[in-house]
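J.: I have a structure here, written as structure tokens, and I will follow up with some questions on it.
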Number of protein chains: 2
Amino acid sequence: MARKRFDDSNCSVARALNEVGDWWSLLIVLQAMYGTRRYVDFQQELGIAKNILCDRLSRLVDNEVLAKVNVGEHGARYEYRLTDKGRDLFPVVIALRQWGDKWNPAPNGSALDLRDRATGRPIGQMHVSDADGKPLTVRDVFLPEPADDAG
Amino acid sequence: MARKRFDDSNCSVARALNEVGDWWSLLIVLQAMYGTRRYVDFQQELGIAKNILCDRLSRLVDNEVLAKVNVGEHGARYEYRLTDKGRDLFPVVIALRQWGDKWNPAPNGSALDLRDRATGRPIGQMHVSDADGKPLTVRDVFLPEPADDAG
DNA sequence: AAATAGGGTTGCGTTACGAAACCGAATTGG
DNA sequence: CCAATTCGGTTTCGTAACGCAACCCTATTT
């Protein structure tokens, strides 16, 4: 039986996981945010199998998270670039990173050190907040249940 | 060959995905945020196979995202409750939800409507920001590459 | 001409996933 | 007290995904 998919789910989290909810896709997006654009570079830097990389890249392109651009002068040379949709995953990736740093610190103790390129200052901790910026926890928020299906 | 795992990865995103990076785990956490605590309720509300649910629940318990509590009066009745670590996934889930709502709106057009329980006001859009709250895009931030391995 | 790099595809074995069946303890109903 | 149902799983089995290695074609470099 096919792996469950949630294209038609009423829950946007489920639909989001449908596109980037597997082991590799978010890591590829992260790597793209590091500046990686070439197939071979993704392959070497992530240590991912080539067929899996092909599959994930084309799926991300299908979902318009990445754009495949032919940059070859004579023949074909491709770049996979983040789209606006892909760049919009930035908060997701950073939230995951901060969670991982907090609860599963690196074995070697190296800390998160993301900084504003312009000012050199570290980025702030992400939080859910109301319109005024007041932080909200899961208990403060009313989460309407989805209508009927998964998630 | 075994599915690649990233327990020892130098990248906190990879380590985070190691714990909640599969199809179901985040949906289970989300469901727990909705208030679900019982095995059967997870099973029915998510439509997940029982063996997969068992596996994911015990893995989430192992990773201390959920806590398994025996609430039985006479015999054994269990509840799976979010830990602090699990509740800390709130920004991740909300960021994913907002991304999904923006780029893959629900087929039926129903919008996100998360509100502060106290004030009744909707929650704000999540963003990466500097210490003063100034929003930062992926281009504004210097992302140090991990030392050597995946992600 | 040979070697190398880029961007894949194909085969094959192992692992994970999903559905359904089954199971023992606990609870509920009569 | 007995039967049926609920709870929280485990087992079995077929399919899908993953990971590796090998191969392939084109283009560039030596």
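Ordering of the structure tokens sets the chain letters (A, B, ...); residue numbers start at 1 within each chain; ligands are numbered from 1 in the order shown.
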Report as JSON lines: every residue of chain B with an atom at most 12 Å from chain C, its closest pair of atoms, and their distance in Å to one decimal, counting only C-alpha atoms (C1' of nucleotides), with rows sorted by chain and ascending residue number.
T.:
```
{"residue": "B:Met1", "atom": "CA", "partner": "C:DT14", "partner_atom": "C1'", "distance": 5.4}
{"residue": "B:Ala2", "atom": "CA", "partner": "C:DT15", "partner_atom": "C1'", "distance": 6.1}
{"residue": "B:Arg3", "atom": "CA", "partner": "C:DT15", "partner_atom": "C1'", "distance": 7.0}
{"residue": "B:Lys4", "atom": "CA", "partner": "C:DT15", "partner_atom": "C1'", "distance": 10.7}
{"residue": "B:Asp22", "atom": "CA", "partner": "C:DA16", "partner_atom": "C1'", "distance": 10.9}
{"residue": "B:Trp23", "atom": "CA", "partner": "C:DC17", "partner_atom": "C1'", "distance": 10.4}
{"residue": "B:Trp24", "atom": "CA", "partner": "C:DC17", "partner_atom": "C1'", "distance": 11.0}
{"residue": "B:Gly47", "atom": "CA", "partner": "C:DG18", "partner_atom": "C1'", "distance": 10.8}
{"residue": "B:Ile48", "atom": "CA", "partner": "C:DG18", "partner_atom": "C1'", "distance": 8.5}
{"residue": "B:Ala49", "atom": "CA", "partner": "C:DG18", "partner_atom": "C1'", "distance": 6.3}
{"residue": "B:Lys50", "atom": "CA", "partner": "C:DG18", "partner_atom": "C1'", "distance": 9.2}
{"residue": "B:Asn51", "atom": "CA", "partner": "C:DG18", "partner_atom": "C1'", "distance": 8.8}
{"residue": "B:Ile52", "atom": "CA", "partner": "C:DC17", "partner_atom": "C1'", "distance": 7.6}
{"residue": "B:Leu53", "atom": "CA", "partner": "C:DG18", "partner_atom": "C1'", "distance": 11.1}
{"residue": "B:Asp55", "atom": "CA", "partner": "C:DC17", "partner_atom": "C1'", "distance": 11.2}
{"residue": "B:Arg56", "atom": "CA", "partner": "C:DC17", "partner_atom": "C1'", "distance": 11.9}
{"residue": "B:Gly72", "atom": "CA", "partner": "C:DA26", "partner_atom": "C1'", "distance": 9.6}
{"residue": "B:Glu73", "atom": "CA", "partner": "C:DA26", "partner_atom": "C1'", "distance": 10.3}
{"residue": "B:His74", "atom": "CA", "partner": "C:DA26", "partner_atom": "C1'", "distance": 8.3}
{"residue": "B:Gly75", "atom": "CA", "partner": "C:DA26", "partner_atom": "C1'", "distance": 6.4}
{"residue": "B:Ala76", "atom": "CA", "partner": "C:DA26", "partner_atom": "C1'", "distance": 7.9}
{"residue": "B:Arg77", "atom": "CA", "partner": "C:DA26", "partner_atom": "C1'", "distance": 8.9}
```
J.: Show me which bits of chain D are within 8 Å of chain B, counting only C-alpha atoms (C1' of nucleotides), as a ChimeraX atom specification.
T.: /D:7-10,18-20
J.: Give the strand (DSSP E) residues of chain B, as DSSP finds them on the backbone, and put them as a VMD selection string.
T.: chain B and resid 66 to 70 78 to 82 115 to 116 141 to 142
J.: Report, in Å to a single decimal, how far apart atom CA of Pro105 of chain B and atom CA of Leu30 of chain A are.
T.: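 These two atoms are separated by 23.3 Å.
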J.: So how many Å separate atom CA of Arg87 of chain B and atom CA of Ser12 of chain B, to one decimal?
T.: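 A separation of 17.9 Å between them.
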J.: Just to confirm, what's the straight-line distance from atom CA of Ser58 of chain B to atom CA of Glu79 of chain B in Å (one decimal)?
T.: 12.1 Å
